[in-house]
$ cat upload-v7.json   # JSON, C-alpha atoms
[["chain", "number", "residue", "atom", "x", "y", "z"],
["G", 20, "MET", "CA", -37.63, -316.34, -82.32],
["G", 21, "ASP", "CA", -39.37, -316.71, -85.68],
["G", 22, "ALA", "CA", -37.96, -314.91, -88.71],
["G", 23, "ILE", "CA", -41.01, -315.84, -90.84],
["G", 24, "GLU", "CA", -44.58, -316.20, -89.55],
["G", 25, "VAL", "CA", -47.41, -317.34, -91.80],
["G", 26, "ASP", "CA", -50.97, -317.60, -90.48],
["G", 27, "GLY", "CA", -53.95, -318.67, -92.58],
["G", 28, "LEU", "CA", -52.34, -317.34, -95.75],
["G", 29, "LYS", "CA", -54.49, -317.25, -98.91],
["G", 30, "ARG", "CA", -53.90, -316.15, -102.48],
["G", 31, "ARG", "CA", -56.70, -315.92, -104.99],
["G", 32, "TYR", "CA", -56.24, -315.21, -108.71],
["G", 33, "ALA", "CA", -58.65, -314.13, -111.43],
["G", 34, "LYS", "CA", -61.94, -316.02, -111.80],
["G", 35, "GLY", "CA", -61.75, -317.14, -108.18],
["G", 36, "PHE", "CA", -58.90, -319.64, -108.47],
["G", 37, "GLU", "CA", -57.39, -320.03, -105.01],
["G", 38, "ALA", "CA", -53.71, -321.10, -105.26],
["G", 39, "VAL", "CA", -52.99, -320.84, -101.53],
["G", 40, "ARG", "CA", -55.73, -321.99, -99.16],
["G", 41, "GLY", "CA", -55.09, -321.11, -95.55],
["G", 42, "VAL", "CA", -51.42, -322.05, -95.14],
["G", 43, "SER", "CA", -49.80, -321.65, -91.71],
["G", 44, "PHE", "CA", -46.19, -322.26, -90.70],
["G", 45, "SER", "CA", -43.20, -320.51, -89.16],
["G", 46, "VAL", "CA", -39.46, -320.45, -89.79],
["G", 47, "ARG", "CA", -37.09, -319.86, -86.91],
["G", 48, "GLU", "CA", -34.13, -317.52, -87.07],
["G", 49, "GLY", "CA", -31.07, -319.31, -88.43],
["G", 50, "GLU", "CA", -33.11, -322.24, -89.75],
["G", 51, "ILE", "CA", -33.26, -323.82, -93.21],
["G", 52, "PHE", "CA", -36.89, -324.54, -94.10],
["G", 53, "ALA", "CA", -37.82, -326.37, -97.31],
["G", 54, "LEU", "CA", -41.20, -325.83, -98.94],
["G", 55, "LEU", "CA", -41.94, -328.76, -101.25],
["G", 56, "GLY", "CA", -44.88, -330.10, -103.19],
["G", 57, "THR", "CA", -46.56, -331.26, -106.35],
["G", 58, "ASN", "CA", -46.59, -329.19, -109.51],
["G", 59, "GLY", "CA", -49.18, -326.46, -109.04],
["G", 60, "ALA", "CA", -49.28, -327.04, -105.28],
["G", 61, "GLY", "CA", -48.96, -323.33, -104.48],
["G", 62, "LYS", "CA", -45.28, -323.17, -103.47],
["G", 63, "THR", "CA", -44.36, -320.30, -105.79],
["G", 64, "SER", "CA", -47.52, -318.38, -104.95],
["G", 65, "THR", "CA", -46.72, -318.73, -101.25],
["G", 66, "VAL", "CA", -43.10, -317.66, -101.61],
["G", 67, "GLU", "CA", -44.09, -314.62, -103.69],
["G", 68, "LEU", "CA", -46.30, -313.47, -100.81],
["G", 69, "LEU", "CA", -43.39, -313.93, -98.39],
["G", 70, "GLU", "CA", -41.18, -311.87, -100.69],
["G", 71, "GLY", "CA", -43.73, -309.06, -100.75],
["G", 72, "LEU", "CA", -44.43, -309.32, -104.47],
["G", 73, "ALA", "CA", -48.19, -309.44, -103.96],
["G", 74, "ARG", "CA", -50.78, -308.72, -101.28],
["G", 75, "PRO", "CA", -52.38, -311.80, -99.67],
["G", 76, "SER", "CA", -56.06, -312.43, -100.36],
["G", 77, "GLY", "CA", -56.40, -313.49, -96.75],
["G", 78, "GLY", "CA", -54.39, -314.35, -93.67],
["G", 79, "LYS", "CA", -51.18, -312.77, -92.43],
["G", 80, "VAL", "CA", -47.46, -313.01, -93.14],
["G", 81, "LYS", "CA", -44.59, -311.45, -91.24],
["G", 82, "VAL", "CA", -40.93, -311.43, -92.25],
["G", 83, "LEU", "CA", -38.55, -310.16, -89.56],
["G", 84, "GLY", "CA", -41.61, -308.79, -87.79],
["G", 85, "PHE", "CA", -42.91, -306.75, -90.74],
["G", 86, "ASP", "CA", -45.53, -307.18, -93.43],
["G", 87, "PRO", "CA", -43.37, -307.79, -96.54],
["G", 88, "TYR", "CA", -45.92, -306.10, -98.82],
["G", 89, "SER", "CA", -47.14, -303.02, -96.93],
["G", 90, "GLU", "CA", -43.82, -302.52, -95.09],
["G", 91, "ARG", "CA", -41.59, -303.49, -97.99],
["G", 92, "THR", "CA", -39.05, -300.72, -97.36],
["G", 93, "ALA", "CA", -38.35, -302.21, -93.92],
["G", 94, "VAL", "CA", -38.06, -305.79, -95.19],
["G", 95, "ARG", "CA", -36.44, -305.67, -98.63],
["G", 96, "PRO", "CA", -32.96, -304.42, -97.58],
["G", 97, "ARG", "CA", -32.71, -307.31, -95.11],
["G", 98, "THR", "CA", -33.66, -310.12, -97.49],
["G", 99, "GLY", "CA", -32.07, -311.84, -100.47],
["G", 100, "VAL", "CA", -34.01, -313.51, -103.28],
["G", 101, "MET", "CA", -32.72, -316.10, -105.75],
["G", 102, "LEU", "CA", -35.30, -316.57, -108.48],
["G", 103, "GLN", "CA", -35.51, -319.54, -110.85],
["G", 104, "GLU", "CA", -34.49, -317.23, -113.70],
["G", 105, "GLY", "CA", -32.27, -314.20, -113.15],
["G", 106, "GLY", "CA", -32.84, -312.53, -116.53],
["G", 107, "PHE", "CA", -29.54, -310.63, -116.55],
["G", 108, "PRO", "CA", -28.29, -308.69, -119.60],
["G", 109, "SER", "CA", -26.41, -311.26, -121.66],
["G", 110, "GLU", "CA", -23.69, -308.89, -122.91],
["G", 111, "LEU", "CA", -22.49, -307.84, -119.46],
["G", 112, "THR", "CA", -19.69, -309.75, -117.77],
["G", 113, "VAL", "CA", -20.15, -311.47, -114.43],
["G", 114, "THR", "CA", -18.33, -308.66, -112.62],
["G", 115, "GLU", "CA", -20.31, -305.94, -114.42],
["G", 116, "THR", "CA", -23.57, -307.69, -113.55],
["G", 117, "ILE", "CA", -22.67, -307.87, -109.86],
["G", 118, "ARG", "CA", -21.46, -304.26, -109.87],
["G", 119, "MET", "CA", -24.73, -303.11, -111.42],
["G", 120, "TRP", "CA", -26.75, -304.92, -108.77],
["G", 121, "ALA", "CA", -24.50, -303.78, -105.93],
["G", 122, "GLY", "CA", -25.13, -300.19, -107.03],
["G", 123, "CYS", "CA", -28.82, -300.70, -106.27],
["G", 124, "THR", "CA", -28.17, -302.39, -102.92],
["G", 125, "SER", "CA", -27.68, -300.78, -99.51],
["G", 126, "ASP", "CA", -24.46, -301.75, -97.72],
["G", 127, "ALA", "CA", -23.35, -304.00, -100.58],
["G", 128, "ARG", "CA", -20.54, -306.48, -99.99],
["G", 129, "PRO", "CA", -17.28, -306.28, -101.97],
["G", 130, "ILE", "CA", -17.76, -307.78, -105.43],
["G", 131, "ARG", "CA", -14.69, -310.02, -105.27],
["G", 132, "GLU", "CA", -15.80, -311.43, -101.94],
["G", 133, "VAL", "CA", -19.23, -312.39, -103.26],
["G", 134, "LEU", "CA", -17.85, -313.94, -106.45],
["G", 135, "ALA", "CA", -15.31, -315.99, -104.49],
["G", 136, "GLN", "CA", -18.06, -317.22, -102.19],
["G", 137, "VAL", "CA", -20.05, -318.70, -105.08],
["G", 138, "GLY", "CA", -17.03, -319.95, -107.04],
["G", 139, "LEU", "CA", -17.09, -317.38, -109.87],
["G", 140, "SER", "CA", -13.83, -315.58, -109.20],
["G", 141, "ASP", "CA", -10.63, -315.72, -111.27],
["G", 142, "ARG", "CA", -11.18, -316.20, -115.00],
["G", 143, "ARG", "CA", -15.00, -316.58, -114.81],
["G", 144, "ALA", "CA", -15.38, -313.08, -113.37],
["G", 145, "ASN", "CA", -14.77, -311.48, -116.78],
["G", 146, "VAL", "CA", -16.86, -313.89, -118.86],
["G", 147, "ARG", "CA", -20.05, -312.53, -120.44],
["G", 148, "VAL", "CA", -23.29, -313.82, -118.97],
["G", 149, "LYS", "CA", -24.31, -315.39, -122.28],
["G", 150, "GLN", "CA", -21.19, -317.56, -122.19],
["G", 151, "LEU", "CA", -21.90, -319.06, -118.77],
["G", 152, "SER", "CA", -23.14, -322.60, -118.39],
["G", 153, "GLY", "CA", -26.51, -323.22, -116.77],
["G", 154, "GLY", "CA", -24.86, -324.09, -113.47],
["G", 155, "GLU", "CA", -22.67, -320.98, -113.57],
["G", 156, "ARG", "CA", -25.73, -318.81, -114.16],
["G", 157, "ARG", "CA", -27.28, -320.29, -111.04],
["G", 158, "ARG", "CA", -24.11, -319.37, -109.14],
["G", 159, "LEU", "CA", -24.47, -315.82, -110.45],
["G", 160, "ASP", "CA", -28.13, -315.79, -109.35],
["G", 161, "LEU", "CA", -26.99, -316.83, -105.88],
["G", 162, "ALA", "CA", -24.28, -314.18, -105.82],
["G", 163, "MET", "CA", -26.85, -311.48, -106.56],
["G", 164, "ALA", "CA", -28.99, -312.70, -103.65],
["G", 165, "LEU", "CA", -26.00, -312.51, -101.29],
["G", 166, "VAL", "CA", -24.76, -309.02, -102.19],
["G", 167, "GLY", "CA", -26.72, -307.25, -99.48],
["G", 168, "HIS", "CA", -25.89, -309.32, -96.35],
["G", 169, "PRO", "CA", -29.39, -310.89, -96.19],
["G", 170, "GLU", "CA", -30.82, -311.91, -92.84],
["G", 171, "VAL", "CA", -33.49, -313.95, -94.65],
["G", 172, "LEU", "CA", -32.64, -315.70, -97.92],
["G", 173, "PHE", "CA", -35.23, -317.09, -100.36],
["G", 174, "LEU", "CA", -33.83, -319.79, -102.66],
["G", 175, "ASP", "CA", -36.04, -320.98, -105.52],
["G", 176, "GLU", "CA", -34.60, -324.17, -107.09],
["G", 177, "PRO", "CA", -31.04, -323.00, -106.32],
["G", 178, "THR", "CA", -29.05, -325.89, -107.85],
["G", 179, "THR", "CA", -30.97, -326.55, -111.07],
["G", 180, "GLY", "CA", -28.50, -327.06, -113.91],
["G", 181, "MET", "CA", -25.48, -327.52, -111.65],
["G", 182, "ASP", "CA", -23.17, -330.50, -111.89],
["G", 183, "PRO", "CA", -22.76, -332.70, -108.78],
["G", 184, "GLU", "CA", -19.68, -330.80, -107.59],
["G", 185, "GLY", "CA", -21.39, -327.44, -107.98],
["G", 186, "ARG", "CA", -24.45, -328.73, -106.17],
["G", 187, "ARG", "CA", -22.39, -329.98, -103.22],
["G", 188, "ASP", "CA", -20.46, -326.69, -103.07],
["G", 189, "THR", "CA", -23.74, -324.77, -102.99],
["G", 190, "TRP", "CA", -25.07, -326.99, -100.21],
["G", 191, "GLU", "CA", -21.99, -326.26, -98.13],
["G", 192, "LEU", "CA", -22.37, -322.53, -98.79],
["G", 193, "VAL", "CA", -26.00, -322.65, -97.61],
["G", 194, "ARG", "CA", -24.88, -324.48, -94.46],
["G", 195, "GLU", "CA", -22.24, -321.78, -93.85],
["G", 196, "LEU", "CA", -24.90, -319.10, -94.18],
["G", 197, "ARG", "CA", -27.05, -320.90, -91.62],
["G", 198, "ARG", "CA", -24.09, -321.17, -89.24],
["G", 199, "ALA", "CA", -23.65, -317.41, -89.61],
["G", 200, "GLY", "CA", -27.28, -316.89, -88.58],
["G", 201, "THR", "CA", -29.02, -316.47, -91.95],
["G", 202, "THR", "CA", -32.55, -317.83, -92.21],
["G", 203, "VAL", "CA", -33.14, -319.75, -95.45],
["G", 204, "LEU", "CA", -36.44, -320.67, -97.10],
["G", 205, "LEU", "CA", -35.82, -323.17, -99.88],
["G", 206, "THR", "CA", -37.97, -324.61, -102.65],
["G", 207, "THR", "CA", -36.57, -327.56, -104.59],
["G", 208, "HIS", "CA", -37.55, -330.65, -106.55],
["G", 209, "TYR", "CA", -34.29, -332.39, -105.64],
["G", 210, "LEU", "CA", -35.25, -334.66, -102.77],
["G", 211, "GLU", "CA", -31.69, -335.26, -101.64],
["G", 212, "GLU", "CA", -31.24, -331.49, -101.43],
["G", 213, "ALA", "CA", -34.16, -331.15, -99.04],
["G", 214, "GLU", "CA", -32.97, -334.10, -96.94],
["G", 215, "GLU", "CA", -29.40, -332.76, -96.80],
["G", 216, "LEU", "CA", -30.18, -329.12, -96.02],
["G", 217, "ALA", "CA", -33.55, -328.69, -94.33],
["G", 218, "ASP", "CA", -33.91, -328.48, -90.57],
["G", 219, "ARG", "CA", -37.66, -328.71, -91.18],
["G", 220, "LEU", "CA", -39.84, -329.00, -94.26],
["G", 221, "ALA", "CA", -43.45, -328.82, -95.37],
["G", 222, "ILE", "CA", -45.09, -330.58, -98.30],
["G", 223, "MET", "CA", -47.89, -328.75, -100.11],
["G", 224, "ARG", "CA", -50.64, -330.04, -102.35],
["G", 225, "SER", "CA", -53.61, -328.17, -103.80],
["G", 226, "GLY", "CA", -52.69, -324.98, -101.95],
["G", 227, "ARG", "CA", -52.47, -326.56, -98.50],
["G", 228, "ILE", "CA", -49.81, -328.11, -96.31],
["G", 229, "VAL", "CA", -50.34, -331.86, -96.10],
["G", 230, "THR", "CA", -47.49, -332.73, -93.74],
["G", 231, "ALA", "CA", -44.64, -330.92, -92.01],
["G", 232, "GLY", "CA", -41.82, -331.48, -89.56],
["G", 233, "THR", "CA", -38.18, -332.47, -89.63],
["G", 234, "PRO", "CA", -37.21, -334.74, -92.55],
["G", 235, "GLU", "CA", -36.96, -337.60, -90.06],
["G", 236, "GLN", "CA", -40.45, -336.92, -88.69],
["G", 237, "VAL", "CA", -42.02, -336.70, -92.13],
["G", 238, "VAL", "CA", -40.37, -339.93, -93.29],
["G", 239, "ALA", "CA", -41.27, -341.70, -90.03],
["G", 240, "GLU", "CA", -44.96, -341.33, -90.89],
["G", 241, "ARG", "CA", -44.51, -343.99, -93.60],
["G", 242, "PRO", "CA", -43.67, -347.67, -92.98],
["G", 243, "SER", "CA", -40.17, -349.10, -93.31],
["G", 244, "SER", "CA", -39.49, -352.12, -95.51],
["G", 245, "ILE", "CA", -37.64, -355.44, -95.17],
["G", 246, "ARG", "CA", -36.84, -357.35, -98.35],
["G", 247, "PHE", "CA", -35.27, -360.76, -98.95],
["G", 248, "THR", "CA", -35.61, -363.82, -101.16],
["G", 249, "LEU", "CA", -37.66, -366.64, -99.68],
["G", 250, "PRO", "CA", -35.58, -369.87, -99.61],
["G", 251, "ALA", "CA", -36.85, -372.86, -101.56],
["G", 252, "GLY", "CA", -39.33, -374.97, -99.65],
["G", 253, "LEU", "CA", -40.59, -372.11, -97.52],
["G", 254, "ALA", "CA", -43.81, -370.14, -97.89],
["G", 255, "PRO", "CA", -44.85, -366.81, -96.32],
["G", 256, "HIS", "CA", -46.89, -368.62, -93.67],
["G", 257, "HIS", "CA", -43.65, -370.12, -92.32],
["G", 258, "LEU", "CA", -42.44, -366.67, -91.27],
["G", 259, "PRO", "CA", -42.85, -365.55, -87.63],
["G", 260, "PRO", "CA", -46.50, -364.73, -86.82],
["G", 261, "THR", "CA", -45.38, -361.50, -85.15],
["G", 262, "LEU", "CA", -44.44, -360.04, -88.56],
["G", 263, "PRO", "CA", -46.87, -358.02, -90.68],
["G", 264, "PRO", "CA", -48.26, -359.80, -93.77],
["G", 265, "ALA", "CA", -45.62, -360.32, -96.45],
["G", 266, "ALA", "CA", -45.96, -359.57, -100.16],
["G", 267, "VAL", "CA", -44.21, -362.04, -102.48],
["G", 268, "ASN", "CA", -43.51, -361.48, -106.16],
["G", 269, "GLU", "CA", -43.14, -364.17, -108.83],
["G", 270, "GLY", "CA", -39.40, -364.51, -108.21],
["G", 271, "GLY", "CA", -39.90, -365.30, -104.55],
["G", 272, "ARG", "CA", -38.80, -361.85, -103.42],
["G", 273, "VAL", "CA", -40.49, -360.97, -100.13],
["G", 274, "GLU", "CA", -41.35, -357.48, -98.91],
["G", 275, "ILE", "CA", -42.56, -356.74, -95.41],
["G", 276, "ARG", "CA", -43.69, -353.20, -94.59],
["G", 277, "THR", "CA", -43.77, -352.20, -90.94],
["G", 278, "PRO", "CA", -43.87, -349.08, -88.75],
["G", 279, "ARG", "CA", -41.62, -350.90, -86.23],
["G", 280, "LEU", "CA", -38.51, -351.76, -88.22],
["G", 281, "GLN", "CA", -36.21, -352.73, -85.37],
["G", 282, "ASP", "CA", -38.73, -355.07, -83.72],
["G", 283, "ALA", "CA", -39.72, -356.72, -86.99],
["G", 284, "LEU", "CA", -36.13, -357.18, -88.13],
["G", 285, "THR", "CA", -35.17, -358.66, -84.75],
["G", 286, "ASP", "CA", -38.04, -361.16, -84.92],
["G", 287, "LEU", "CA", -37.08, -362.14, -88.47],
["G", 288, "LEU", "CA", -33.39, -362.62, -87.72],
["G", 289, "LEU", "CA", -34.02, -364.62, -84.54],
["G", 290, "TRP", "CA", -36.42, -366.88, -86.44],
["G", 291, "ALA", "CA", -33.88, -367.35, -89.24],
["G", 292, "ARG", "CA", -31.10, -368.30, -86.83],
["G", 293, "GLN", "CA", -33.26, -370.69, -84.84],
["G", 294, "SER", "CA", -34.55, -372.29, -88.05],
["G", 295, "GLY", "CA", -31.14, -372.46, -89.71],
["G", 296, "VAL", "CA", -32.43, -370.38, -92.62],
["G", 297, "GLU", "CA", -30.42, -367.99, -94.75],
["G", 298, "LEU", "CA", -32.21, -364.96, -96.23],
["G", 299, "PRO", "CA", -30.53, -364.07, -99.55],
["G", 300, "GLY", "CA", -30.54, -360.40, -100.49],
["G", 301, "LEU", "CA", -31.68, -359.25, -97.05],
["G", 302, "HIS", "CA", -32.21, -355.50, -97.12],
["G", 303, "ALA", "CA", -33.89, -353.29, -94.53],
["G", 304, "ARG", "CA", -34.46, -349.54, -94.68],
["G", 305, "THR", "CA", -36.70, -346.79, -93.49],
["G", 306, "ALA", "CA", -39.06, -345.02, -95.87],
["G", 307, "THR", "CA", -37.64, -342.31, -98.14],
["G", 308, "LEU", "CA", -38.74, -338.77, -98.78],
["G", 309, "GLU", "CA", -39.42, -339.83, -102.36],
["G", 310, "GLU", "CA", -41.95, -342.39, -101.13],
["G", 311, "VAL", "CA", -43.64, -339.72, -99.02],
["G", 312, "PHE", "CA", -43.87, -337.44, -102.08],
["G", 313, "LEU", "CA", -45.29, -340.13, -104.30],
["G", 314, "GLU", "CA", -47.83, -341.25, -101.71],
["G", 315, "ILE", "CA", -49.08, -337.67, -101.33],
["G", 316, "ALA", "CA", -49.18, -337.16, -105.10],
["G", 317, "GLN", "CA", -51.20, -340.34, -105.65],
["G", 318, "ARG", "CA", -53.55, -339.88, -102.71],
["G", 319, "PRO", "CA", -57.26, -339.74, -103.68],
["G", 320, "GLU", "CA", -58.83, -336.30, -103.63],
["G", 321, "GLU", "CA", -60.99, -337.02, -100.61],
["G", 322, "GLU", "CA", -57.89, -337.86, -98.58],
["G", 323, "THR", "CA", -55.92, -334.70, -99.26],
["G", 324, "GLY", "CA", -57.24, -333.12, -96.09],
["G", 325, "GLU", "CA", -56.31, -335.90, -93.69],
["G", 326, "GLY", "CA", -53.95, -335.46, -90.79],
["G", 327, "GLN", "CA", -51.52, -332.87, -89.53],
["G", 328, "GLY", "CA", -47.80, -333.36, -89.75],
["G", 329, "PRO", "CA", -45.49, -332.74, -86.82],
["G", 330, "GLY", "CA", -43.89, -329.35, -86.49],
["G", 331, "GLY", "CA", -46.97, -327.18, -86.02],
["G", 332, "ALA", "CA", -48.08, -326.75, -89.62],
["G", 333, "ALA", "CA", -51.74, -326.33, -90.32],
["G", 334, "PRO", "CA", -53.51, -329.48, -91.47],
["G", 335, "SER", "CA", -54.77, -329.78, -95.00],
["G", 336, "GLN", "CA", -58.49, -329.43, -95.59],
["G", 337, "ASP", "CA", -60.68, -330.92, -98.30],
["G", 338, "GLY", "CA", -59.80, -329.70, -101.76],
["G", 339, "PRO", "CA", -59.17, -330.76, -105.33],
["G", 340, "ALA", "CA", -56.04, -332.72, -106.11],
["G", 341, "GLY", "CA", -53.05, -330.90, -107.55],
["G", 342, "GLY", "CA", -50.89, -331.75, -110.52],
["G", 343, "GLU", "CA", -48.47, -334.58, -110.91],
["G", 344, "MET", "CA", -45.49, -334.81, -108.59],
["G", 345, "GLU", "CA", -42.17, -333.97, -110.15],
["G", 346, "VAL", "CA", -39.47, -335.98, -108.36],
["G", 347, "GLU", "CA", -35.75, -335.94, -108.95],
["G", 348, "ARG", "CA", -33.03, -337.90, -107.18],
["G", 349, "VAL", "CA", -29.42, -336.73, -107.39]]
$ encode --input "upload-v7.json" --output "structure tokens"
Amino acid sequence: MDAIEVDGLKRRYAKGFEAVRGVSFSVREGEIFALLGTNGAGKTSTVELLEGLARPSGGKVKVLGFDPYSERTAVRPRTGVMLQEGGFPSELTVTETIRMWAGCTSDARPIREVLAQVGLSDRRANVRVKQLSGGERRRLDLAMALVGHPEVLFLDEPTTGMDPEGRRDTWELVRELRRAGTTVLLTTHYLEEAEELADRLAIMRSGRIVTAGTPEQVVAERPSSIRFTLPAGLAPHHLPPTLPPAAVNEGGRVEIRTPRLQDALTDLLLWARQSGVELPGLHARTATLEEVFLEIAQRPEEETGEGQGPGGAAPSQDGPAGGEMEVERV
């Protein structure tokens, strides 16, 4: 069953600017779904419609079977939202901040339980908000989103500012929530975060979904690479004819890109053994999510509407290119 259903969703701002242009996707119950994209791609505008903060200009959205805008009273108590910026009063302590929010929440969880879940118990519980580090503030943001036992959880850049340990702890917490049946919609610029957490993902550009599917499906759309140094006395034309054309840089480093990594690598290794050739620095790998991002970001405008990714997302249509891609590896 789908916890979130989006069909032909549009959002238009003043002067006719259309930030979301007919987006369609669904998120299953108990699934982690990552919504990614270039700067200005329409991610935030889409998520705000899912959260019920604005009425769509077109199309439909359902969260837990309800319209999150017109039926907000039915949806809001069952969802949790972690914004990029919490904006909490700086003079309140962590405990006071949670208590204030819990007082506005139906069936709120015990404060100590929530703080322990996000790693803010013990001595940090009585620290003023203004004294928290950036990563600790993100933990507090997450705690606020978890106070009301959410069935659907919206996470907007949840680990920004966290150190590696805090990031890993947050990932494990999100996995625990999924195991407990919580549906999570995640936006992030950390590519490793999307690869680690998402059951499925969609990449947006210029207000449309360009590709979608599991991380493995999305990455599989791009060719794998084989790299090695060409031994002295050999030229690219000496390589097996079954291999795709090889690119060679000035240092003799060879790169072969192929959609059939196992077959190409087998042909190369058999040729090397039969020829008595060693291949220094041999390295083979599939494409990365970063490469997918960069390829989409650099794609010419006329190509932004090509194709439909696996996973049932609507294909992109013609449209102007978005902003630059912001990519971070952790």
$ residues_near_point --input "upload-v7.json" --point "(-46.3, -357.0, -88.4)" --cutoff "12 Å" --atoms "all atoms listed in the file" --output "ChimeraX atom specification"
/G:242-245,258-265,274-287
$ write_last_selection --input "upload-v7.json" --atoms "C-alpha atoms" --output "compact mmCIF listing (two decimals), in the frame of the given file"
# COMPACT_ATOMS: atom_id res chain seq x y z
CA PRO G 242 -43.67 -347.67 -92.98
CA SER G 243 -40.17 -349.10 -93.31
CA SER G 244 -39.49 -352.12 -95.51
CA ILE G 245 -37.64 -355.44 -95.17
CA LEU G 258 -42.44 -366.67 -91.27
CA PRO G 259 -42.85 -365.55 -87.63
CA PRO G 260 -46.50 -364.73 -86.82
CA THR G 261 -45.38 -361.50 -85.15
CA LEU G 262 -44.44 -360.04 -88.56
CA PRO G 263 -46.87 -358.02 -90.68
CA PRO G 264 -48.26 -359.80 -93.77
CA ALA G 265 -45.62 -360.32 -96.45
CA GLU G 274 -41.35 -357.48 -98.91
CA ILE G 275 -42.56 -356.74 -95.41
CA ARG G 276 -43.69 -353.20 -94.59
CA THR G 277 -43.77 -352.20 -90.94
CA PRO G 278 -43.87 -349.08 -88.75
CA ARG G 279 -41.62 -350.90 -86.23
CA LEU G 280 -38.51 -351.76 -88.22
CA GLN G 281 -36.21 -352.73 -85.37
CA ASP G 282 -38.73 -355.07 -83.72
CA ALA G 283 -39.72 -356.72 -86.99
CA LEU G 284 -36.13 -357.18 -88.13
CA THR G 285 -35.17 -358.66 -84.75
CA ASP G 286 -38.04 -361.16 -84.92
CA LEU G 287 -37.08 -362.14 -88.47
$ atom_distance --input "upload-v7.json" --atom1 "atom CA of G:Gln293" --atom2 "atom CA of G:Val273"
19.5 Å
$ closest_atom_pairs --input "upload-v7.json" --of "stretch 130-177 of chain G" --to "stretch 71-85 of chain G" --cutoff "12 Å" --atoms "all atoms listed in the file" --output "Markdown table"
| residue | atom | partner | partner_atom | distance |
| --- | --- | --- | --- | --- |
| G:Pro169 | CA | G:Leu83 | CA | 11.3 |
| G:Glu170 | CA | G:Leu83 | CA | 8.6 |
| G:Val171 | CA | G:Leu83 | CA | 8.1 |
| G:Leu172 | CA | G:Val82 | CA | 10.9 |
| G:Phe173 | CA | G:Val82 | CA | 11.4 |
$ residues_around --input "upload-v7.json" --residues "G:Thr189" --least-positions-apart "2" --cutoff "12 Å" --atoms "only C-alpha atoms" --output "number ranges by chain"
G: 136-138, 154-155, 157-162, 174, 176-179, 181-187, 191-196, 212, 215-216
$ atom_distance --input "upload-v7.json" --atom1 "atom CA of G:His208" --atom2 "atom CA of G:Lys62"
11.2 Å
$ atom_distance --input "upload-v7.json" --atom1 "atom CA of G:Pro108" --atom2 "atom CA of G:Val203"
27.0 Å
$ closest_residue --input "upload-v7.json" --among "G:Arg31, G:Arg91, G:Arg131, G:Arg246" --to "G:Gly300" --atoms "only C-alpha atoms"
G:Arg246
$ axis_aligned_box --input "upload-v7.json" --around "stretch 56-67 of chain G" --padding-each-side "4 Å" --output "lines of an AutoDock Vina configuration file"
center_x = -46.2
center_y = -322.9
center_z = -105.4
size_x = 14.2
size_y = 24.6
size_z = 16.3
$ residues_around --input "upload-v7.json" --residues "G:Val311" --least-positions-apart "3" --cutoff "8 Å" --atoms "only C-alpha atoms" --output "tab-separated table (two decimals) with C-alpha atoms, keeping the file's coordinate frame"
chain	number	residue	atom	x	y	z
G	237	VAL	CA	-42.02	-336.70	-92.13
G	238	VAL	CA	-40.37	-339.93	-93.29
G	241	ARG	CA	-44.51	-343.99	-93.60
G	306	ALA	CA	-39.06	-345.02	-95.87
G	307	THR	CA	-37.64	-342.31	-98.14
G	308	LEU	CA	-38.74	-338.77	-98.78
G	314	GLU	CA	-47.83	-341.25	-101.71
G	315	ILE	CA	-49.08	-337.67	-101.33
$ residues_around --input "upload-v7.json" --residues "G:Thr63" --least-positions-apart "3" --cutoff "12 Å" --atoms "all atoms listed in the file" --output "list in words"
Arg30, Ala38, Val39, Leu54, Leu55, Gly56, Thr57, Asn58, Gly59, Ala60, Val66, Glu67, Leu68, Leu69, Glu70, Leu72, Ala73, Leu102, Gln103, Phe173, Leu174, Asp175, Glu176, Leu204, Leu205, Thr206, Thr207, Met223 and Gly226 of chain G
